[in-house]
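Undergrad: My structure is stored as final_6.tsv, with TSV, C-alpha atoms and all ligand atoms.
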```tsv
chain	number	residue	atom	x	y	z
A	601	MET	CA	85.82	105.05	107.14
A	602	LEU	CA	86.82	102.50	104.53
A	603	LYS	CA	84.05	101.18	102.42
A	604	ALA	CA	83.45	97.79	100.82
A	605	GLY	CA	80.76	97.39	98.19
A	606	ILE	CA	78.75	94.17	98.01
A	607	VAL	CA	78.13	93.32	94.36
A	608	GLY	CA	76.86	90.36	92.39
A	609	LEU	CA	74.16	89.28	90.00
A	610	PRO	CA	70.54	89.50	91.19
A	611	ASN	CA	69.31	86.74	93.52
A	612	VAL	CA	72.69	85.52	94.69
A	613	GLY	CA	72.09	86.58	98.32
A	614	LYS	CA	73.58	90.09	98.51
A	615	SER	CA	70.76	91.65	100.48
A	616	THR	CA	70.58	88.64	102.78
A	617	LEU	CA	74.30	89.01	103.42
A	618	PHE	CA	74.07	92.77	103.89
A	619	ASN	CA	71.24	92.39	106.40
A	620	ALA	CA	73.18	89.79	108.25
A	621	LEU	CA	76.36	91.85	108.17
A	622	THR	CA	74.81	94.98	109.52
A	623	ARG	CA	72.38	93.13	111.78
A	624	SER	CA	69.63	95.23	110.38
A	625	ARG	CA	66.76	94.68	108.04
A	626	LYS	CA	67.26	97.78	105.98
A	627	ALA	CA	67.83	96.04	102.68
A	628	GLU	CA	64.87	93.99	101.62
A	629	ALA	CA	65.77	90.42	100.78
A	630	ALA	CA	63.19	89.22	98.34
A	631	ASN	CA	63.01	86.81	95.46
A	632	TYR	CA	62.91	89.63	92.97
A	633	PRO	CA	65.77	90.73	90.74
A	634	PHE	CA	65.72	94.50	91.31
A	635	CYS	CA	64.52	94.77	94.86
A	636	THR	CA	67.63	96.60	96.00
A	637	ILE	CA	67.35	99.92	94.23
A	638	ASP	CA	69.10	102.31	96.57
A	639	PRO	CA	72.49	101.44	97.90
A	640	ASN	CA	72.20	100.63	101.56
A	641	VAL	CA	75.06	101.55	103.77
A	642	GLY	CA	75.79	99.86	107.07
A	643	VAL	CA	78.57	100.01	109.60
A	644	VAL	CA	80.08	96.66	110.47
A	645	THR	CA	82.44	95.99	113.35
A	646	VAL	CA	85.55	93.99	112.65
A	647	PRO	CA	85.67	90.87	114.84
A	648	ASP	CA	88.86	90.89	116.91
A	649	GLU	CA	89.18	88.86	120.12
A	650	ARG	CA	92.24	90.83	121.19
A	651	ALA	CA	90.14	93.82	122.24
A	652	TYR	CA	88.39	91.63	124.82
A	653	VAL	CA	91.65	90.26	126.18
A	654	LEU	CA	92.86	93.85	126.62
A	655	GLN	CA	89.56	94.74	128.28
A	656	LYS	CA	90.40	92.41	131.17
A	657	ILE	CA	93.85	93.95	131.55
A	658	ALA	CA	92.55	97.52	131.39
A	659	LYS	CA	89.62	96.67	133.70
A	660	THR	CA	87.13	98.67	131.71
A	661	ASN	CA	83.53	98.05	130.71
A	662	VAL	CA	83.79	99.68	127.33
A	663	VAL	CA	85.20	98.10	124.16
A	664	ILE	CA	85.02	99.94	120.86
A	665	PRO	CA	85.96	97.63	117.98
A	666	ALA	CA	87.26	98.71	114.59
A	667	ALA	CA	84.58	99.30	111.98
A	668	MET	CA	84.13	99.36	108.24
A	669	GLU	CA	81.32	100.40	106.01
A	670	PHE	CA	79.54	97.93	103.76
A	671	VAL	CA	77.32	99.06	100.94
A	672	ASP	CA	74.70	96.87	99.34
A	673	ILE	CA	74.89	97.83	95.69
A	674	ALA	CA	71.91	97.32	93.40
A	675	GLY	CA	71.90	94.16	91.29
A	676	LEU	CA	73.93	94.14	88.13
A	677	VAL	CA	72.95	92.29	84.99
A	678	LYS	CA	74.76	91.55	81.78
A	679	GLY	CA	74.86	94.78	79.75
A	680	ALA	CA	75.04	97.16	82.73
A	681	SER	CA	77.88	99.10	81.13
A	682	GLN	CA	75.43	99.79	78.28
A	683	GLY	CA	72.82	100.96	80.78
A	684	GLU	CA	70.92	97.68	81.21
A	685	GLY	CA	69.18	97.08	84.54
A	686	LEU	CA	70.38	99.72	86.94
A	687	GLY	CA	73.66	99.81	85.06
A	688	ASN	CA	75.03	103.29	85.35
A	689	GLN	CA	73.91	103.87	88.90
A	690	PHE	CA	75.43	100.56	89.91
A	691	LEU	CA	78.76	101.48	88.37
A	692	ALA	CA	78.78	104.94	89.99
A	693	ASN	CA	78.16	103.35	93.39
A	694	ILE	CA	81.03	100.92	92.97
A	695	ARG	CA	83.36	103.78	92.08
A	696	GLU	CA	82.99	105.16	95.62
A	697	THR	CA	84.13	101.98	97.35
A	698	ASP	CA	87.64	100.90	98.39
A	699	ALA	CA	87.11	97.17	97.86
A	700	ILE	CA	84.58	94.84	96.34
A	701	VAL	CA	82.92	91.88	98.01
A	702	HIS	CA	81.62	89.93	95.06
A	703	VAL	CA	78.88	87.50	96.11
A	704	VAL	CA	78.45	84.44	93.90
A	705	ARG	CA	75.68	81.94	94.13
A	706	CYS	CA	76.89	78.48	95.08
A	707	PHE	CA	73.53	77.14	96.24
A	708	GLU	CA	70.90	75.37	94.17
A	709	ASP	CA	67.27	76.28	94.75
A	710	GLY	CA	64.69	75.75	92.03
A	711	ASP	CA	62.35	78.28	93.68
A	712	ILE	CA	64.81	81.11	93.39
A	713	LEU	CA	65.21	82.43	89.91
A	714	HIS	CA	68.75	82.51	88.56
A	715	THR	CA	68.95	85.37	86.09
A	716	MET	CA	71.53	83.50	84.00
A	717	GLY	CA	69.54	80.23	83.94
A	718	ASN	CA	71.71	77.96	86.10
A	719	VAL	CA	74.23	78.03	88.94
A	720	ASP	CA	77.73	78.68	87.59
A	721	PRO	CA	79.76	80.98	89.83
A	722	VAL	CA	82.76	81.33	87.52
A	723	ARG	CA	80.57	82.42	84.61
A	724	ASP	CA	78.88	84.89	86.98
A	725	ILE	CA	82.25	86.27	88.07
A	726	GLU	CA	83.19	86.73	84.42
A	727	VAL	CA	79.88	88.44	83.57
A	728	ILE	CA	80.33	91.04	86.28
A	729	THR	CA	84.05	91.50	85.74
A	730	THR	CA	83.40	92.10	82.03
A	731	GLU	CA	80.90	94.85	82.87
A	732	LEU	CA	83.44	96.52	85.14
A	733	ILE	CA	86.11	96.26	82.45
A	734	LEU	CA	83.78	97.70	79.77
A	735	ALA	CA	82.95	100.65	82.00
A	736	ASP	CA	86.69	101.18	82.58
A	737	LEU	CA	87.40	100.96	78.88
A	738	ASP	CA	84.94	103.74	78.31
A	739	ALA	CA	86.53	105.88	81.05
A	740	VAL	CA	90.05	105.18	79.78
A	741	THR	CA	89.14	106.07	76.18
A	742	LYS	CA	87.72	109.40	77.34
A	743	ARG	CA	90.76	110.06	79.48
A	744	ILE	CA	93.11	109.33	76.59
A	745	ASP	CA	91.30	111.92	74.44
A	746	LYS	CA	91.62	114.51	77.20
A	747	THR	CA	95.22	113.76	78.15
A	748	GLN	CA	96.53	113.48	74.61
A	749	LYS	CA	96.04	117.20	73.99
A	750	LYS	CA	98.01	118.08	77.10
A	751	ALA	CA	100.74	115.55	76.24
A	752	LYS	CA	101.11	117.05	72.76
A	753	SER	CA	101.66	120.46	74.28
A	754	GLY	CA	104.61	118.97	76.20
A	755	ASP	CA	103.03	118.58	79.66
A	756	LYS	CA	105.39	116.12	81.40
A	757	GLU	CA	102.79	114.56	83.70
A	758	ALA	CA	100.43	114.08	80.78
A	759	ILE	CA	103.17	112.29	78.82
A	760	ILE	CA	103.70	109.80	81.67
A	761	GLU	CA	99.97	109.36	82.06
A	762	ILE	CA	99.34	108.75	78.38
A	763	ALA	CA	102.03	106.05	78.30
A	764	LEU	CA	100.23	104.19	81.07
A	765	LEU	CA	96.78	104.70	79.56
A	766	GLU	CA	97.98	103.37	76.23
A	767	ARG	CA	99.23	100.21	77.90
A	768	LEU	CA	96.05	99.90	79.89
A	769	LYS	CA	93.63	100.15	76.99
A	770	PRO	CA	94.74	97.01	75.10
A	771	HIS	CA	94.96	95.19	78.44
A	772	LEU	CA	91.30	96.01	79.16
A	773	ASN	CA	90.43	95.19	75.56
A	774	GLU	CA	91.68	91.66	76.22
A	775	ASN	CA	89.04	91.51	78.98
A	776	LYS	CA	91.64	91.67	81.73
A	777	PRO	CA	90.87	93.67	84.89
A	778	ALA	CA	93.07	96.67	85.68
A	779	ASN	CA	94.17	95.15	89.00
A	780	ILE	CA	96.35	92.59	87.20
A	781	LEU	CA	98.13	95.10	84.94
A	782	PRO	CA	101.86	94.83	85.69
A	783	ALA	CA	102.76	98.26	87.04
A	784	THR	CA	105.44	100.02	89.08
A	785	ASP	CA	104.55	101.61	92.43
A	786	ASP	CA	104.39	105.06	90.81
A	787	GLU	CA	102.14	103.73	88.09
A	788	LYS	CA	99.90	102.13	90.70
A	789	LYS	CA	99.48	105.54	92.33
A	790	LEU	CA	98.52	106.98	88.99
A	791	LEU	CA	96.11	104.11	88.39
A	792	ASN	CA	94.43	104.97	91.69
A	793	LEU	CA	93.72	108.44	90.37
A	794	PHE	CA	91.83	106.97	87.42
A	795	GLN	CA	89.35	105.41	89.90
A	796	LEU	CA	88.87	102.33	87.77
A	797	LEU	CA	86.32	99.76	88.84
A	798	SER	CA	88.35	96.74	87.80
A	799	ALA	CA	91.38	98.06	89.71
A	800	LYS	CA	89.71	97.58	93.07
A	801	PRO	CA	90.68	94.65	95.27
A	802	VAL	CA	88.08	91.89	95.12
A	803	ILE	CA	87.07	89.12	97.46
A	804	TYR	CA	84.64	86.42	96.34
A	805	ALA	CA	81.99	85.42	98.86
A	806	CYS	CA	80.73	81.98	97.85
A	807	ASN	CA	77.19	81.79	99.17
A	808	VAL	CA	76.55	78.10	99.87
A	809	ALA	CA	73.47	76.28	101.12
A	810	GLU	CA	73.16	76.00	104.90
A	811	SER	CA	73.74	72.25	104.79
A	812	ASP	CA	76.94	72.72	102.76
A	813	LEU	CA	78.78	75.21	104.94
A	814	ALA	CA	80.60	72.67	107.12
A	815	THR	CA	81.98	70.97	104.01
A	816	ALA	CA	82.12	74.03	101.75
A	817	GLU	CA	85.57	73.23	100.38
A	818	GLN	CA	84.12	70.06	98.86
A	819	ASN	CA	81.26	71.90	97.21
A	820	PRO	CA	81.93	71.69	93.43
A	821	PHE	CA	80.87	75.33	92.89
A	822	VAL	CA	83.25	76.57	95.60
A	823	GLN	CA	86.00	74.41	94.11
A	824	LYS	CA	85.50	76.07	90.74
A	825	VAL	CA	85.84	79.51	92.32
A	826	ALA	CA	88.96	78.33	94.16
A	827	GLU	CA	90.52	77.17	90.86
A	828	PHE	CA	89.58	80.44	89.19
A	829	VAL	CA	91.12	82.50	91.99
A	830	LYS	CA	94.31	80.45	91.81
A	831	ALA	CA	94.59	80.64	88.03
A	832	HIS	CA	94.05	84.41	87.96
A	833	HIS	CA	96.17	85.25	91.01
A	834	GLU	CA	93.14	86.96	92.43
A	835	ALA	CA	93.02	87.90	96.06
A	836	ALA	CA	90.73	85.52	97.88
A	837	TYR	CA	87.45	83.70	98.30
A	838	VAL	CA	85.51	82.90	101.44
A	839	PRO	CA	82.65	80.37	101.69
A	840	ILE	CA	79.73	81.87	103.60
A	841	SER	CA	76.13	81.10	104.30
A	842	ALA	CA	74.20	84.36	104.20
A	843	ARG	CA	71.09	82.46	105.31
A	844	ILE	CA	72.73	81.08	108.43
A	845	GLU	CA	74.02	84.51	109.36
A	846	ALA	CA	70.55	85.95	108.78
A	847	GLU	CA	69.08	83.33	111.11
A	848	LEU	CA	71.55	84.26	113.86
A	849	ILE	CA	70.21	87.79	114.10
A	850	ASP	CA	67.30	86.88	116.35
A	851	LEU	CA	69.20	84.45	118.56
A	852	SER	CA	70.95	85.08	121.86
A	853	PRO	CA	74.73	84.44	121.85
A	854	GLU	CA	74.21	81.05	123.56
A	855	GLU	CA	71.47	80.03	121.17
A	856	ALA	CA	73.61	81.11	118.23
A	857	LYS	CA	76.50	78.96	119.45
A	858	GLY	CA	74.25	75.90	119.75
A	859	PHE	CA	72.70	76.52	116.36
A	860	LEU	CA	76.11	76.76	114.67
A	861	LYS	CA	77.36	73.69	116.52
A	862	ASP	CA	74.43	71.66	115.20
A	863	LEU	CA	75.47	72.71	111.70
A	864	GLY	CA	79.05	71.64	112.41
A	865	VAL	CA	80.62	75.13	112.14
A	866	ASP	CA	81.93	77.90	114.45
A	867	ASP	CA	80.83	80.78	112.29
A	868	SER	CA	78.62	81.46	109.27
A	869	GLY	CA	81.75	82.55	107.41
A	870	VAL	CA	80.78	86.19	107.75
A	871	SER	CA	83.33	86.99	110.48
A	872	THR	CA	86.02	85.46	108.27
A	873	LEU	CA	84.72	87.51	105.34
A	874	ILE	CA	84.89	90.79	107.28
A	875	ARG	CA	88.40	90.07	108.51
A	876	ALA	CA	89.52	88.99	105.04
A	877	THR	CA	88.15	92.23	103.56
A	878	TYR	CA	90.00	94.22	106.22
A	879	THR	CA	93.25	92.44	105.36
A	880	LEU	CA	92.61	92.76	101.63
A	881	LEU	CA	92.46	96.52	102.08
A	882	GLY	CA	95.91	96.43	103.69
A	883	LEU	CA	94.48	97.44	107.04
A	884	GLN	CA	95.67	96.68	110.52
A	885	THR	CA	94.76	97.59	114.06
A	886	TYR	CA	96.38	99.29	117.00
A	887	PHE	CA	94.78	99.71	120.40
A	888	THR	CA	94.42	102.32	123.07
A	889	ALA	CA	93.58	100.76	126.41
A	890	GLY	CA	92.70	102.50	129.64
A	891	GLU	CA	90.12	102.66	132.39
A	892	LYS	CA	87.72	104.57	130.19
A	893	GLU	CA	87.76	102.17	127.25
A	894	VAL	CA	89.66	99.78	125.05
A	895	ARG	CA	89.51	100.92	121.50
A	896	ALA	CA	90.71	99.44	118.21
A	897	TRP	CA	91.94	101.96	115.62
A	898	THR	CA	92.29	101.19	111.95
A	899	ILE	CA	95.41	102.16	110.02
A	900	LYS	CA	97.13	101.08	106.83
A	901	LYS	CA	100.16	98.82	106.99
A	902	GLY	CA	103.35	100.87	106.97
A	903	TRP	CA	101.95	104.00	108.61
A	904	LYS	CA	104.29	105.92	110.86
A	905	ALA	CA	103.43	107.08	114.37
A	906	PRO	CA	102.12	110.62	113.60
A	907	GLN	CA	99.85	109.34	110.83
A	908	ALA	CA	98.56	106.59	113.11
A	909	ALA	CA	97.90	109.17	115.84
A	910	GLY	CA	96.00	111.28	113.31
A	911	VAL	CA	93.30	108.61	113.13
A	912	ILE	CA	92.31	109.52	116.69
A	913	HIS	CA	92.42	113.26	116.09
A	914	THR	CA	94.10	115.53	113.54
A	915	ASP	CA	95.65	117.47	116.48
A	916	PHE	CA	97.43	114.28	117.51
A	917	GLU	CA	99.12	114.15	114.12
A	918	LYS	CA	100.06	117.84	114.02
A	919	GLY	CA	101.33	118.01	117.58
A	920	PHE	CA	102.83	114.54	117.76
A	921	ILE	CA	105.78	114.27	120.15
A	922	LYS	CA	106.12	110.60	120.90
A	923	ALA	CA	104.23	107.39	121.43
A	924	GLU	CA	104.55	104.97	124.28
A	925	VAL	CA	104.15	101.53	122.77
A	926	VAL	CA	103.93	97.95	124.00
A	927	SER	CA	103.23	94.99	121.77
A	928	TYR	CA	100.01	93.06	122.29
A	929	ALA	CA	102.02	89.86	122.81
A	930	ASP	CA	104.22	91.37	125.57
A	931	LEU	CA	101.35	93.07	127.39
A	932	THR	CA	99.12	90.01	127.42
A	933	ARG	CA	101.96	87.68	128.33
A	934	LEU	CA	102.91	89.84	131.32
A	935	GLY	CA	99.27	90.40	132.23
A	936	SER	CA	99.31	94.04	133.39
A	937	THR	CA	100.56	97.48	132.43
A	938	ALA	CA	102.67	97.62	135.61
A	939	ALA	CA	104.33	94.25	134.89
A	940	ALA	CA	105.00	95.24	131.28
A	941	ARG	CA	106.58	98.51	132.45
A	942	GLU	CA	108.69	96.73	135.01
A	943	ALA	CA	109.93	94.32	132.38
A	944	GLY	CA	110.91	97.29	130.22
A	945	LYS	CA	108.49	96.36	127.46
A	946	TYR	CA	107.04	99.85	127.04
A	947	ARG	CA	109.05	101.65	124.36
A	948	ILE	CA	109.18	105.36	123.63
A	949	GLU	CA	108.84	105.75	119.89
A	950	GLY	CA	109.31	108.85	117.74
A	951	LYS	CA	108.03	110.16	114.44
A	952	GLU	CA	109.75	107.50	112.33
A	953	TYR	CA	108.27	104.52	114.14
A	954	VAL	CA	106.20	102.28	111.87
A	955	PHE	CA	103.18	100.98	113.73
A	956	GLN	CA	102.77	97.22	114.01
A	957	ASP	CA	99.53	95.28	114.12
A	958	GLY	CA	98.37	94.92	117.72
A	959	ASP	CA	100.50	97.69	119.21
A	960	VAL	CA	98.98	99.10	122.38
A	961	THR	CA	99.81	102.76	122.69
A	962	LEU	CA	99.56	106.08	124.44
A	963	PHE	CA	100.37	109.27	122.52
A	964	ARG	CA	102.08	112.37	123.84
A	965	PHE	CA	101.32	115.48	121.86
A	966	ASN	CA	101.34	119.30	121.93
A	967	ASN	CA	98.09	121.18	121.79
B	1001	LIG	P1	70.15	89.70	95.95
B	1001	LIG	O1	69.25	89.96	94.82
B	1001	LIG	O2	71.49	89.21	95.50
B	1001	LIG	O3	70.25	90.81	96.93
B	1001	LIG	O4	69.58	88.40	96.71
B	1001	LIG	P2	68.69	88.30	98.03
B	1001	LIG	O5	69.55	88.41	99.25
B	1001	LIG	O6	67.49	89.17	97.92
B	1001	LIG	O7	68.29	86.74	97.92
B	1001	LIG	C1	67.46	86.29	96.87
B	1001	LIG	C2	66.69	85.10	97.37
B	1001	LIG	O8	67.59	84.01	97.63
B	1001	LIG	C3	65.96	85.38	98.67
B	1001	LIG	O9	64.69	84.74	98.60
B	1001	LIG	C4	66.84	84.70	99.71
B	1001	LIG	O10	66.11	84.25	100.84
B	1001	LIG	C5	67.42	83.53	98.93
B	1001	LIG	N1	68.69	83.06	99.46
B	1001	LIG	C6	69.78	83.79	99.87
B	1001	LIG	N2	70.75	82.96	100.31
B	1001	LIG	C7	70.29	81.69	100.18
B	1001	LIG	C8	70.82	80.39	100.46
B	1001	LIG	O11	71.95	80.24	100.94
B	1001	LIG	N3	70.02	79.32	100.16
B	1001	LIG	C9	68.77	79.46	99.63
B	1001	LIG	N4	68.05	78.37	99.35
B	1001	LIG	N5	68.24	80.66	99.37
B	1001	LIG	C10	68.97	81.76	99.63
```
Translate the structure described by the file into structure tokens.
TA:
Amino acid sequence: MLKAGIVGLPNVGKSTLFNALTRSRKAEAANYPFCTIDPNVGVVTVPDERAYVLQKIAKTNVVIPAAMEFVDIAGLVKGASQGEGLGNQFLANIRETDAIVHVVRCFEDGDILHTMGNVDPVRDIEVITTELILADLDAVTKRIDKTQKKAKSGDKEAIIEIALLERLKPHLNENKPANILPATDDEKKLLNLFQLLSAKPVIYACNVAESDLATAEQNPFVQKVAEFVKAHHEAAYVPISARIEAELIDLSPEEAKGFLKDLGVDDSGVSTLIRATYTLLGLQTYFTAGEKEVRAWTIKKGWKAPQAAGVIHTDFEKGFIKAEVVSYADLTRLGSTAAAREAGKYRIEGKEYVFQDGDVTLFRFNN
């Protein structure tokens, strides 16, 4: 399962967000900088209304949504790459994730200590990014030492690798994250092997005060993050209110709706954040739908039919024969499997078929 790590300076609302995300109280949210010592892992379902539309067509009681893992990673402080705070452990935990959700504080509250003195989300982004870059610089320097010997002995792969590393090092030295290094597709694959922290896709979660969520885009702190994201061609930012989401946990769905309505919003921002993280990772969904269940399966964009089938079971990939596929749009427009078949909308696709987001499918395979 793909994993997103929640990072940020202490007291920005990471644990509150994590609790809200996973609907659990595992991570302790407290007004104390190092309260989250162990990384807490939680499984989060990806909100997708389409599964419930298909449920009606398939006439089943069971819906299994797509899921991702979120990890609450212990608070980072300036100097983590030198071992400050929980530095090294923090960095090792980030290394295991596929994407980073970087929470920045965009709420003012005199009672809640800000470890950097005042609210300034762009400075906070830079503090954390610098720590990631410094850790990468260390890793890259070590890798250069190791690879140089091999390159000198004529190892072709090592020669290619060293060329990339030697471009990367000055780039990091200029305090630029690895994810904005101009690189060819082959080089990007190589970069993946280095497992660099600053190469991971990042999304900024701007944690605003409850009263600011409805007008978050006008919040001056959110606006600063928006400008930063634009100027650095970074992936995305999403305004959220971790507190609102945390308050929803104990409410019934009806109560939650009313509560959000009173605040002038449809969502705490967390559903948008989960979906944005899913998209950031280049993920998409296909469905299987039958009497037993409707289920959303997660694949990467561009995957072909056998690989997509392999998500259900490795035997499906090995023994793949063909897939019967209908698009979500056709199936829901026609309203039933029978009508979609009659209209000739079910296609038989072979091994070269590239799965599309929302495809509804049935696989044929050899045991
Ligand atoms: P972490 O250190 O980043 O994990 O931060 P926590 O989630 O533990 O939050 C630190 C403190 O800030 C807790 O007392 C939270 O209740 C509080 N907090 C989190 N989000 C908000 C918010 O949107 N507004 C206010 N006023 N306090 C918040």
Undergrad: May I ask you to write as a ChimeraX atom specification all residues lying at most 6 Å from ligand LIG 1001 (chain B), with only C-alpha atoms and all ligand atoms counted?
TA: /A:610-616,629-631,633,707,709,712,807-810,841-843
Undergrad: Between A:Asn966, A:Val954, A:Asp930, A:Val894, which residue has the minimum interatomic distance to Phe916 (chain A), considering all atoms listed in the file?
TA: A:Asn966
Undergrad: Counting only C-alpha atoms, what is within 10 Å of Leu654 (chain A), bar same-chain residues fewer than 5 positions away, as a ChimeraX atom specification?
TA: /A:649,659-660,663,887-890,893-895,928,931-932,935-936,960
Undergrad: Would you mind listing what lies within 10 Å of Ile844 (chain A) as a list in words, with only C-alpha atoms counted and same-chain residues fewer than 6 positions away left out?
TA: Thr616, Leu617, Ala620, Val808, Ala809, Glu810, Ser811, Leu813, Ala856, Phe859, Leu860, Leu863, Asp867, Ser868, Gly869 and Val870 of chain A
Undergrad: What separation in Å, quoted to one decimal, exists between CA of Leu737 (chain A) and CA of Tyr878 (chain A)?
TA: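 Value for the CA of Leu737 (chain A)-CA of Tyr878 (chain A) distance: 28.3 Å.
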Undergrad: Which residues are near Leu797 (chain A)? Cut-off 8 Å, all atoms listed in the file, ignore same chain within fewer than 4 positions. Put them as a PDB file with C-alpha atoms, in the frame of the given file.
TA:
```pdb
ATOM      1  CA  LEU A 691      78.760 101.480  88.370  1.00  0.00           C
ATOM      2  CA  ILE A 694      81.030 100.920  92.970  1.00  0.00           C
ATOM      3  CA  ARG A 695      83.360 103.780  92.080  1.00  0.00           C
ATOM      4  CA  LEU A 732      83.440  96.520  85.140  1.00  0.00           C
ATOM      5  CA  ILE A 733      86.110  96.260  82.450  1.00  0.00           C
ATOM      6  CA  ALA A 735      82.950 100.650  82.000  1.00  0.00           C
ATOM      7  CA  ASP A 736      86.690 101.180  82.580  1.00  0.00           C
TER       8      ASP A 736
END
```
Undergrad: Step by step: start from the point (88.1, 98.7, 98.1) in the file's coordinates, keep every protein, DNA or RNA residue that has an atom no farther than 6 Å from it, count all atoms listed in the file, and write the set as a list in words.
TA: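 Residues satisfying the cut-off, written out: Ala604, Thr697, Asp698, Ala699, Ile700, Lys800 and Pro801 of chain A.
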Undergrad: Would you pick out the contacts of region 896-911 of chain A at 6 Å or less, using all atoms listed in the file, so that residues sharing its chain but fewer than 5 positions from it are not included, and give the list as a ChimeraX atom specification?
TA: /A:665-666,882-887,916-917,920,951-955
Undergrad: Quick check, in Å to one decimal: how far apart do CA of Glu696 (chain A) and CA of Asp915 (chain A) lie?
TA: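 Atom-to-atom, CA of Glu696 (chain A) to CA of Asp915 (chain A), that is 27.3 Å.
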Undergrad: Contacts of Val607 (chain A) at 9 Å or less, counting all atoms listed in the file, minus same-chain residues fewer than 3 places along, as a PyMOL selection string?
TA: chain A and resi 614+671-676+690+694+700-704+728
Undergrad: Closest to Ile606 (chain A) among A:Ala835, A:Leu848, A:Cys706, A:Leu621, using only C-alpha atoms?
TA: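 Selected residue with least distance to Ile606 (chain A): A:Leu621.
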Undergrad: Distance CA of Gln689 (chain A)-CA of Gly608 (chain A), one decimal place?
TA: 14.3 Å
Undergrad: Which of these residues is nearest to Lys945 (chain A), using only C-alpha atoms: A:Ala929, A:Val722, A:Ile803, A:Met668?
TA: A:Ala929
